[in-house]
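Participant: One structure, pasted below without further comment.
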Amino acid sequence: MSANEAFDHFFSEGYVTDLVRPLKSGKEAEVILCRANPATGAELLALKMYRPRDRRAFRNDHLYKAGRVILNGHDRRAVAKKTRHGRAFDEAWWTFHEWEALQTLHEAGADVPRPVAASEGALLMEYVGDEASAAPQLRQVTLSPSEAKPVLDRLLWNVELALRHNVVHADLSAFNVLWWEGRPTIIDLPQAVDPRSNPNASELLSRDVANICTYFERYGLRSRPEELARGLWMGFLFADL
Ligand SMILES: Nc1ncnc2c1ncn2[C@@H]1O[C@H](COP(=O)(O)OP(=O)(O)OP(=O)(O)O)[C@@H](O)[C@H]1O
Ligand SMILES: [Mg+2]
């Protein structure tokens, strides 16, 4: 499916009325700005369309898929054998996975876009920005000295909140945080992992925390990412005791 076909799909379902313009065409995804049907509760929506996997540079995906359970035997064998059906299943799995993570986190009150609809290979969500310009990534902006610390704290709060809802982002960095009207929004969750089942979750959590802490060093903020990550992980492990 192309981005235009994905647009047609959401158009026929009544979610969007116009394609405003393409926002970003990257290695893994294409994102377009759409005018929304007001019934969705939004004026504008972002449509994220995944590229077919063989054109993507998503390496080491076994890290993220470890512990994944596919209950249906037919699907499971097809994925293992990489048949056509297996590849299609895998494709749909990433979109569905991002959709699920966004739903969980949005409901939990995390700073993520509100998910609106999903179809095979495409996701419709709240758009961060205004008609003239999309929100920049955090790495593209310069925060004022007084802004930096609260934003760092807010992002770490989000990491903890997500963990409490069994989600580790697993690709968190200043590339995947948008900055708009003084607030961060965390995006890009297809690779998110469930810390209850994924054996790499603690390592991926440490990497997320380290990416964020290291980024904020440019504002003179020194934190102890290893300690922070360990504390978060311990809190997760012992939460039910
Ligand atoms: N909800 C949104 N509102 C505004 N802009 C968005 C939204 N979602 C994504 N974008 C824009 O599209 C870009 C790519 O989105 P995302 O990070 O989810 O995909 P990706 O897999 O990293 O894609 P790629 O690797 O191809 O850039 C973002 O960096 C951002 O600029
Ligand atoms: Mg990204």
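Quick note on naming: the chains in the structure tokens go A, B, ... in the order shown, residues restart at 1 in each chain, and ligands are numbered from 1 in order of appearance.
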Check every protein, DNA and RNA residue against ligand 1, keep those with an atom at most 10 Å away (counting only C-alpha atoms and all ligand atoms), and present them as an mmCIF file with C-alpha atoms, in the first residue's frame.
Facilitator:
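Once everything was written out, this is result.cif:
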```cif
data_model
loop_
_atom_site.group_PDB
_atom_site.id
_atom_site.type_symbol
_atom_site.label_atom_id
_atom_site.label_comp_id
_atom_site.auth_asym_id
_atom_site.auth_seq_id
_atom_site.Cartn_x
_atom_site.Cartn_y
_atom_site.Cartn_z
ATOM 1 C CA PRO A 22 3.502 15.275 2.721
ATOM 2 C CA LEU A 23 5.395 15.948 5.954
ATOM 3 C CA LYS A 24 8.241 13.528 5.860
ATOM 4 C CA SER A 25 9.465 10.765 3.664
ATOM 5 C CA GLY A 26 12.106 8.772 5.476
ATOM 6 C CA LYS A 27 13.760 5.400 5.383
ATOM 7 C CA GLU A 28 11.095 3.622 7.357
ATOM 8 C CA ALA A 29 7.976 5.661 7.136
ATOM 9 C CA GLU A 30 6.172 8.286 5.148
ATOM 10 C CA VAL A 31 4.092 10.795 7.074
ATOM 11 C CA ILE A 32 1.419 12.970 5.500
ATOM 12 C CA LEU A 33 -0.733 15.751 6.875
ATOM 13 C CA LEU A 44 -5.663 17.950 11.254
ATOM 14 C CA LEU A 45 -4.263 14.431 11.544
ATOM 15 C CA ALA A 46 -0.948 12.788 10.747
ATOM 16 C CA LEU A 47 -1.039 9.647 8.637
ATOM 17 C CA LYS A 48 2.003 7.429 9.118
ATOM 18 C CA MET A 49 2.580 4.877 6.450
ATOM 19 C CA TYR A 50 5.179 2.144 6.943
ATOM 20 C CA ARG A 51 7.498 1.228 4.135
ATOM 21 C CA ARG A 56 13.508 -0.594 5.551
ATOM 22 C CA ALA A 57 16.748 -0.284 7.406
ATOM 23 C CA PHE A 58 15.336 -1.674 10.603
ATOM 24 C CA GLU A 98 2.592 0.934 17.410
ATOM 25 C CA VAL A 112 2.121 10.739 22.960
ATOM 26 C CA PRO A 113 -0.158 11.588 20.008
ATOM 27 C CA ARG A 114 -3.722 10.361 20.387
ATOM 28 C CA PRO A 115 -4.163 7.362 18.060
ATOM 29 C CA LEU A 123 -1.718 4.655 11.282
ATOM 30 C CA LEU A 124 -3.755 7.812 11.757
ATOM 31 C CA MET A 125 -2.948 9.939 14.798
ATOM 32 C CA GLU A 126 -3.072 13.367 16.343
ATOM 33 C CA TYR A 127 -0.873 15.824 14.451
ATOM 34 C CA VAL A 128 1.660 17.866 16.382
ATOM 35 C CA GLY A 129 2.068 21.297 14.819
ATOM 36 C CA ASP A 130 -0.128 23.726 12.927
ATOM 37 C CA SER A 133 4.520 23.962 10.073
ATOM 38 C CA ALA A 134 4.949 20.626 11.753
ATOM 39 C CA ALA A 135 6.551 20.373 15.167
ATOM 40 C CA PRO A 136 10.344 20.067 14.961
ATOM 41 C CA GLN A 137 12.190 17.190 16.551
ATOM 42 C CA LEU A 138 13.723 17.978 19.924
ATOM 43 C CA ASP A 171 14.055 3.771 20.265
ATOM 44 C CA LEU A 172 13.776 6.858 22.421
ATOM 45 C CA ALA A 174 15.873 13.438 20.571
ATOM 46 C CA PHE A 175 14.872 12.270 17.053
ATOM 47 C CA ASN A 176 11.657 10.735 18.329
ATOM 48 C CA VAL A 177 10.509 13.575 20.542
ATOM 49 C CA LEU A 178 8.622 16.457 18.927
ATOM 50 C CA TRP A 179 8.675 19.893 20.493
ATOM 51 C CA TRP A 180 5.648 22.139 20.214
ATOM 52 C CA THR A 185 5.531 14.618 22.448
ATOM 53 C CA ILE A 186 7.052 11.164 22.167
ATOM 54 C CA ILE A 187 6.508 9.414 18.828
ATOM 55 C CA ASP A 188 7.613 6.391 16.790
ATOM 56 C CA LEU A 189 6.698 3.257 18.757
ATOM 57 C CA PRO A 190 6.507 0.270 16.405
ATOM 58 C CA GLN A 191 9.511 -1.347 18.088
#
```
Participant: Neighbours of range 217-232 of chain A within 8 Å (only C-alpha atoms; same-chain residues fewer than 6 positions away dropped), as an mmCIF file with N, CA and C atoms, in the first residue's frame?
Facilitator:
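Result file result.cif:
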```cif
data_model
loop_
_atom_site.group_PDB
_atom_site.id
_atom_site.type_symbol
_atom_site.label_atom_id
_atom_site.label_comp_id
_atom_site.auth_asym_id
_atom_site.auth_seq_id
_atom_site.Cartn_x
_atom_site.Cartn_y
_atom_site.Cartn_z
ATOM 1 N N PRO A 145 17.658 27.884 28.955
ATOM 2 C CA PRO A 145 18.232 27.226 30.131
ATOM 3 C C PRO A 145 17.174 26.833 31.161
ATOM 4 N N ALA A 148 15.114 23.470 29.951
ATOM 5 C CA ALA A 148 15.751 22.169 29.747
ATOM 6 C C ALA A 148 15.477 21.163 30.875
ATOM 7 N N LYS A 149 15.685 21.559 32.115
ATOM 8 C CA LYS A 149 15.541 20.621 33.237
ATOM 9 C C LYS A 149 14.120 20.055 33.343
ATOM 10 N N GLU A 160 9.042 6.291 32.977
ATOM 11 C CA GLU A 160 8.572 5.549 34.141
ATOM 12 C C GLU A 160 7.089 5.181 34.018
ATOM 13 N N LEU A 205 15.668 -0.380 27.883
ATOM 14 C CA LEU A 205 15.291 0.708 28.787
ATOM 15 C C LEU A 205 16.529 1.547 29.136
ATOM 16 N N SER A 206 17.633 0.876 29.455
ATOM 17 C CA SER A 206 18.865 1.599 29.792
ATOM 18 C C SER A 206 19.316 2.468 28.625
ATOM 19 N N VAL A 209 17.069 5.590 28.386
ATOM 20 C CA VAL A 209 17.388 6.558 29.439
ATOM 21 C C VAL A 209 18.728 7.246 29.131
ATOM 22 N N ALA A 210 19.702 6.449 28.673
ATOM 23 C CA ALA A 210 21.017 7.009 28.360
ATOM 24 C C ALA A 210 20.915 8.010 27.207
#
```
Participant: Give the answer as one residue: which of A:Val69, A:Cys34, A:Met1, A:Leu152 has the shortest atom-to-atom distance to Ala92 in chain A, using only C-alpha atoms?
Facilitator: A:Met1
Participant: Report as a list in words all protein, DNA and RNA residues lying within 12 Å of range 235-238 of chain A, evaluated on only C-alpha atoms, omitting residues in the same chain fewer than 2 positions from it.
Facilitator: Val159, Glu160, Leu161, Ala162, Leu163, Arg164, His165, Asn166, Val167, Val168, Asp194, Pro195, Arg196, Ala201, Ser202, Leu205, Leu228, Ala229, Arg230, Gly231, Leu232, Trp233, Asp240 and Leu241 of chain A
Participant: What does the distance between CA of Arg35 in chain A and CA of Phe11 in chain A come to in Å, to one decimal place?
Facilitator: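 Interatomic distance, CA of Arg35 in chain A to CA of Phe11 in chain A: 10.0 Å.
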Participant: Pick the closest to Phe89 in chain A from A:Ala108, A:Glu120, A:Leu204, A:Ser144: which is it, counting only C-alpha atoms?
Facilitator: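 Nearest to Phe89 in chain A: A:Glu120.
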Participant: To test your reading of the structure, identify every residue in range 130-191 of chain A that backbone DSSP assigns to strand (DSSP E or B), and report it as a ChimeraX atom specification.
Facilitator: /A:134,137,168,177-180,183-186
Participant: For the selection just defined, write its residues with N, CA and C atoms to a file, as a compact mmCIF listing (two decimals), in the first residue's frame.
Facilitator:
```
# COMPACT_ATOMS: atom_id res chain seq x y z
N ALA A 134 5.01 21.76 10.84
CA ALA A 134 4.95 20.63 11.75
C ALA A 134 5.92 20.87 12.90
N GLN A 137 11.68 18.18 15.60
CA GLN A 137 12.19 17.19 16.55
C GLN A 137 12.98 17.93 17.62
N VAL A 168 8.20 -0.37 27.01
CA VAL A 168 9.52 0.27 26.89
C VAL A 168 9.61 0.74 25.44
N VAL A 177 11.29 12.70 19.67
CA VAL A 177 10.51 13.57 20.54
C VAL A 177 10.23 14.84 19.73
N LEU A 178 8.96 15.21 19.62
CA LEU A 178 8.62 16.46 18.93
C LEU A 178 8.46 17.54 19.98
N TRP A 179 8.72 18.78 19.56
CA TRP A 179 8.68 19.89 20.49
C TRP A 179 7.71 20.93 19.96
N TRP A 180 6.67 21.22 20.72
CA TRP A 180 5.65 22.14 20.21
C TRP A 180 5.00 22.88 21.37
N ARG A 183 6.02 21.94 24.89
CA ARG A 183 5.77 20.58 25.41
C ARG A 183 6.37 19.51 24.51
N PRO A 184 6.91 18.45 25.13
CA PRO A 184 7.42 17.35 24.32
C PRO A 184 6.33 16.32 24.00
N THR A 185 6.40 15.74 22.81
CA THR A 185 5.53 14.62 22.45
C THR A 185 6.42 13.49 21.94
N ILE A 186 6.24 12.33 22.53
CA ILE A 186 7.05 11.16 22.17
C ILE A 186 6.35 10.40 21.04
```
Participant: Please identify all polymer residues within 12 Å of Pro199 in chain A, counting only C-alpha atoms, omitting same-chain residues fewer than 6 positions from it, and present them as a PyMOL selection string.
Facilitator: chain A and resi 62-68+168+193+205
Participant: Using DSSP on the backbone coordinates, identify the residues of range 36-230 of chain A assigned to alpha helix (DSSP H); present them as a compact mmCIF listing (two decimals) with N, CA and C atoms, in the first residue's frame.
Facilitator:
```txt
# COMPACT_ATOMS: atom_id res chain seq x y z
N ASP A 61 16.01 -6.63 14.26
CA ASP A 61 14.64 -6.61 14.77
C ASP A 61 14.36 -7.77 15.71
N HIS A 62 15.27 -8.77 15.75
CA HIS A 62 15.07 -9.87 16.70
C HIS A 62 15.11 -9.36 18.15
N LEU A 63 15.86 -8.26 18.37
CA LEU A 63 15.92 -7.67 19.72
C LEU A 63 14.53 -7.30 20.23
N TYR A 64 13.74 -6.76 19.31
CA TYR A 64 12.42 -6.24 19.69
C TYR A 64 11.36 -7.31 19.67
N LYS A 65 11.60 -8.33 18.81
CA LYS A 65 10.57 -9.37 18.68
C LYS A 65 10.74 -10.49 19.69
N GLY A 73 -1.13 -20.91 14.99
CA GLY A 73 -0.05 -21.75 14.48
C GLY A 73 0.26 -21.50 13.01
N HIS A 74 -0.78 -21.27 12.23
CA HIS A 74 -0.59 -21.02 10.80
C HIS A 74 0.25 -19.75 10.60
N ASP A 75 -0.11 -18.69 11.33
CA ASP A 75 0.63 -17.42 11.23
C ASP A 75 2.06 -17.60 11.73
N ARG A 76 2.19 -18.32 12.85
CA ARG A 76 3.51 -18.47 13.46
C ARG A 76 4.47 -19.18 12.51
N ARG A 77 4.00 -20.26 11.88
CA ARG A 77 4.85 -21.01 10.96
C ARG A 77 5.16 -20.19 9.72
N ALA A 78 4.18 -19.43 9.25
CA ALA A 78 4.40 -18.61 8.05
C ALA A 78 5.46 -17.55 8.32
N VAL A 79 5.42 -16.96 9.52
CA VAL A 79 6.41 -15.94 9.88
C VAL A 79 7.80 -16.57 9.96
N ALA A 80 7.87 -17.75 10.60
CA ALA A 80 9.16 -18.43 10.74
C ALA A 80 9.75 -18.77 9.37
N LYS A 81 8.89 -19.16 8.46
CA LYS A 81 9.37 -19.57 7.13
C LYS A 81 9.48 -18.39 6.18
N ARG A 84 5.10 -15.49 1.91
CA ARG A 84 4.42 -14.25 1.59
C ARG A 84 3.44 -13.85 2.69
N HIS A 85 2.68 -14.83 3.12
CA HIS A 85 1.73 -14.56 4.20
C HIS A 85 2.47 -14.14 5.47
N GLY A 86 3.59 -14.83 5.74
CA GLY A 86 4.38 -14.52 6.93
C GLY A 86 4.89 -13.10 6.90
N ARG A 87 5.38 -12.68 5.74
CA ARG A 87 5.90 -11.31 5.64
C ARG A 87 4.78 -10.28 5.80
N ALA A 88 3.63 -10.58 5.22
CA ALA A 88 2.49 -9.67 5.34
C ALA A 88 2.05 -9.58 6.81
N PHE A 89 2.07 -10.73 7.47
CA PHE A 89 1.68 -10.75 8.89
C PHE A 89 2.64 -9.88 9.70
N ASP A 90 3.92 -10.05 9.41
CA ASP A 90 4.95 -9.30 10.12
C ASP A 90 4.77 -7.80 9.91
N GLU A 91 4.49 -7.43 8.67
CA GLU A 91 4.27 -6.04 8.29
C GLU A 91 3.14 -5.43 9.12
N ALA A 92 2.02 -6.17 9.13
CA ALA A 92 0.85 -5.68 9.84
C ALA A 92 1.14 -5.62 11.34
N TRP A 93 1.99 -6.53 11.81
CA TRP A 93 2.30 -6.62 13.23
C TRP A 93 2.94 -5.33 13.75
N TRP A 94 3.86 -4.74 12.96
CA TRP A 94 4.53 -3.52 13.43
C TRP A 94 3.55 -2.36 13.59
N THR A 95 2.66 -2.23 12.60
CA THR A 95 1.68 -1.14 12.70
C THR A 95 0.77 -1.35 13.89
N PHE A 96 0.30 -2.60 14.03
CA PHE A 96 -0.61 -2.89 15.11
C PHE A 96 0.08 -2.66 16.45
N HIS A 97 1.35 -2.98 16.47
CA HIS A 97 2.11 -2.84 17.69
C HIS A 97 2.25 -1.37 18.08
N GLU A 98 2.49 -0.50 17.11
CA GLU A 98 2.59 0.93 17.41
C GLU A 98 1.22 1.45 17.86
N TRP A 99 0.19 1.01 17.20
CA TRP A 99 -1.17 1.39 17.54
C TRP A 99 -1.50 1.02 18.99
N GLU A 100 -1.15 -0.21 19.35
CA GLU A 100 -1.42 -0.69 20.71
C GLU A 100 -0.65 0.11 21.76
N ALA A 101 0.64 0.35 21.46
CA ALA A 101 1.48 1.09 22.41
C ALA A 101 0.94 2.51 22.57
N LEU A 102 0.54 3.14 21.46
CA LEU A 102 0.00 4.51 21.54
C LEU A 102 -1.29 4.52 22.35
N GLN A 103 -2.13 3.52 22.14
CA GLN A 103 -3.38 3.47 22.89
C GLN A 103 -3.13 3.35 24.39
N THR A 104 -2.27 2.42 24.73
CA THR A 104 -1.96 2.20 26.15
C THR A 104 -1.40 3.47 26.77
N LEU A 105 -0.44 4.08 26.08
CA LEU A 105 0.23 5.24 26.66
C LEU A 105 -0.67 6.47 26.68
N HIS A 106 -1.46 6.64 25.64
CA HIS A 106 -2.37 7.78 25.62
C HIS A 106 -3.38 7.68 26.76
N GLU A 107 -3.92 6.49 26.93
CA GLU A 107 -4.87 6.27 28.02
C GLU A 107 -4.24 6.49 29.39
N ALA A 108 -2.96 6.17 29.48
CA ALA A 108 -2.25 6.32 30.75
C ALA A 108 -1.91 7.78 31.04
N PRO A 145 17.66 27.88 28.96
CA PRO A 145 18.23 27.23 30.13
C PRO A 145 17.17 26.83 31.16
N SER A 146 16.13 27.64 31.30
CA SER A 146 15.14 27.30 32.32
C SER A 146 14.19 26.20 31.85
N GLU A 147 14.11 25.98 30.52
CA GLU A 147 13.20 24.96 29.99
C GLU A 147 13.79 23.55 30.11
N ALA A 148 15.11 23.47 29.95
CA ALA A 148 15.75 22.17 29.75
C ALA A 148 15.48 21.16 30.87
N LYS A 149 15.69 21.56 32.11
CA LYS A 149 15.54 20.62 33.24
C LYS A 149 14.12 20.05 33.34
N PRO A 150 13.10 20.92 33.29
CA PRO A 150 11.74 20.36 33.35
C PRO A 150 11.44 19.41 32.19
N VAL A 151 12.01 19.66 31.01
CA VAL A 151 11.73 18.76 29.89
C VAL A 151 12.41 17.41 30.11
N LEU A 152 13.65 17.45 30.58
CA LEU A 152 14.35 16.20 30.91
C LEU A 152 13.53 15.41 31.93
N ASP A 153 13.10 16.10 32.99
CA ASP A 153 12.31 15.41 34.03
C ASP A 153 11.01 14.85 33.46
N ARG A 154 10.39 15.62 32.59
CA ARG A 154 9.12 15.18 32.01
C ARG A 154 9.32 13.92 31.15
N LEU A 155 10.42 13.90 30.40
CA LEU A 155 10.68 12.73 29.55
C LEU A 155 10.95 11.50 30.41
N LEU A 156 11.72 11.69 31.48
CA LEU A 156 12.00 10.54 32.37
C LEU A 156 10.73 10.09 33.08
N TRP A 157 9.87 11.03 33.40
CA TRP A 157 8.57 10.69 33.99
C TRP A 157 7.76 9.84 33.01
N ASN A 158 7.82 10.20 31.73
CA ASN A 158 7.13 9.42 30.70
C ASN A 158 7.69 8.00 30.60
N VAL A 159 9.02 7.88 30.71
CA VAL A 159 9.65 6.56 30.64
C VAL A 159 9.13 5.69 31.79
N GLU A 160 9.04 6.29 32.98
CA GLU A 160 8.57 5.55 34.14
C GLU A 160 7.09 5.18 34.02
N LEU A 161 6.31 6.14 33.57
CA LEU A 161 4.87 5.89 33.38
C LEU A 161 4.66 4.75 32.38
N ALA A 162 5.40 4.79 31.28
CA ALA A 162 5.28 3.75 30.25
C ALA A 162 5.65 2.39 30.85
N LEU A 163 6.72 2.37 31.59
CA LEU A 163 7.17 1.11 32.19
C LEU A 163 6.09 0.55 33.11
N ARG A 164 5.44 1.44 33.86
CA ARG A 164 4.37 0.98 34.75
C ARG A 164 3.21 0.40 33.95
N ALA A 201 14.44 -6.22 27.45
CA ALA A 201 13.76 -4.98 27.86
C ALA A 201 14.61 -4.11 28.77
N SER A 202 15.33 -4.71 29.72
CA SER A 202 16.07 -3.89 30.66
C SER A 202 17.22 -3.16 29.95
N GLU A 203 17.82 -3.87 29.00
CA GLU A 203 18.90 -3.27 28.20
C GLU A 203 18.36 -2.13 27.31
N LEU A 204 17.20 -2.36 26.72
CA LEU A 204 16.60 -1.33 25.85
C LEU A 204 16.16 -0.12 26.68
N LEU A 205 15.67 -0.38 27.88
CA LEU A 205 15.29 0.71 28.79
C LEU A 205 16.53 1.55 29.14
N SER A 206 17.63 0.88 29.46
CA SER A 206 18.87 1.60 29.79
C SER A 206 19.32 2.47 28.63
N ARG A 207 19.17 1.93 27.42
CA ARG A 207 19.59 2.70 26.25
C ARG A 207 18.70 3.93 26.06
N ASP A 208 17.40 3.77 26.24
CA ASP A 208 16.48 4.91 26.14
C ASP A 208 16.86 6.00 27.14
N VAL A 209 17.07 5.59 28.39
CA VAL A 209 17.39 6.56 29.44
C VAL A 209 18.73 7.25 29.13
N ALA A 210 19.70 6.45 28.67
CA ALA A 210 21.02 7.01 28.36
C ALA A 210 20.91 8.01 27.21
N ASN A 211 20.15 7.67 26.17
CA ASN A 211 20.00 8.60 25.03
C ASN A 211 19.46 9.94 25.48
N ILE A 212 18.46 9.90 26.34
CA ILE A 212 17.84 11.13 26.78
C ILE A 212 18.80 11.91 27.69
N CYS A 213 19.39 11.24 28.65
CA CYS A 213 20.30 11.93 29.57
C CYS A 213 21.49 12.53 28.83
N THR A 214 22.06 11.77 27.91
CA THR A 214 23.22 12.27 27.17
C THR A 214 22.84 13.50 26.35
N TYR A 215 21.67 13.47 25.76
CA TYR A 215 21.24 14.61 24.95
C TYR A 215 21.19 15.89 25.79
N PHE A 216 20.74 15.79 27.02
CA PHE A 216 20.57 16.99 27.84
C PHE A 216 21.88 17.49 28.47
N PRO A 225 22.55 8.13 34.17
CA PRO A 225 21.61 7.27 33.45
C PRO A 225 21.61 5.81 33.92
N GLU A 226 22.80 5.26 34.22
CA GLU A 226 22.81 3.83 34.60
C GLU A 226 22.02 3.65 35.89
N GLU A 227 22.28 4.57 36.83
CA GLU A 227 21.59 4.47 38.11
C GLU A 227 20.08 4.68 37.95
N LEU A 228 19.75 5.69 37.14
CA LEU A 228 18.33 5.96 36.91
C LEU A 228 17.64 4.74 36.31
N ALA A 229 18.27 4.16 35.29
CA ALA A 229 17.66 3.01 34.61
C ALA A 229 17.54 1.83 35.57
N ARG A 230 18.57 1.64 36.37
CA ARG A 230 18.52 0.52 37.31
C ARG A 230 17.38 0.72 38.31
```
Participant: By how many Å are CA of Lys82 in chain A and CA of Ala192 in chain A apart?
Facilitator: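 It comes out at 22.0 Å.
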Participant: Between A:Ala170, A:Ala117, A:Met234, A:Ala239, which has the minimum distance to ligand 2 (counting only C-alpha atoms and all ligand atoms)?
Facilitator: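 So, comparing all the options, the nearest one is A:Ala170.
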Participant: Find, counting only C-alpha atoms and all ligand atoms, the residue in A:His169, A:Ser12, A:Ser197, A:Thr17 that gets nearest to ligand 2.
Facilitator: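 The shortest atom-to-atom distance to ligand 2 comes from A:His169.
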Participant: Quote the spacing between CA of Pro52 in chain A and CA of Ala6 in chain A in Å to one decimal place.
Facilitator: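 We find that CA of Pro52 in chain A and CA of Ala6 in chain A lie 13.2 Å from each other.
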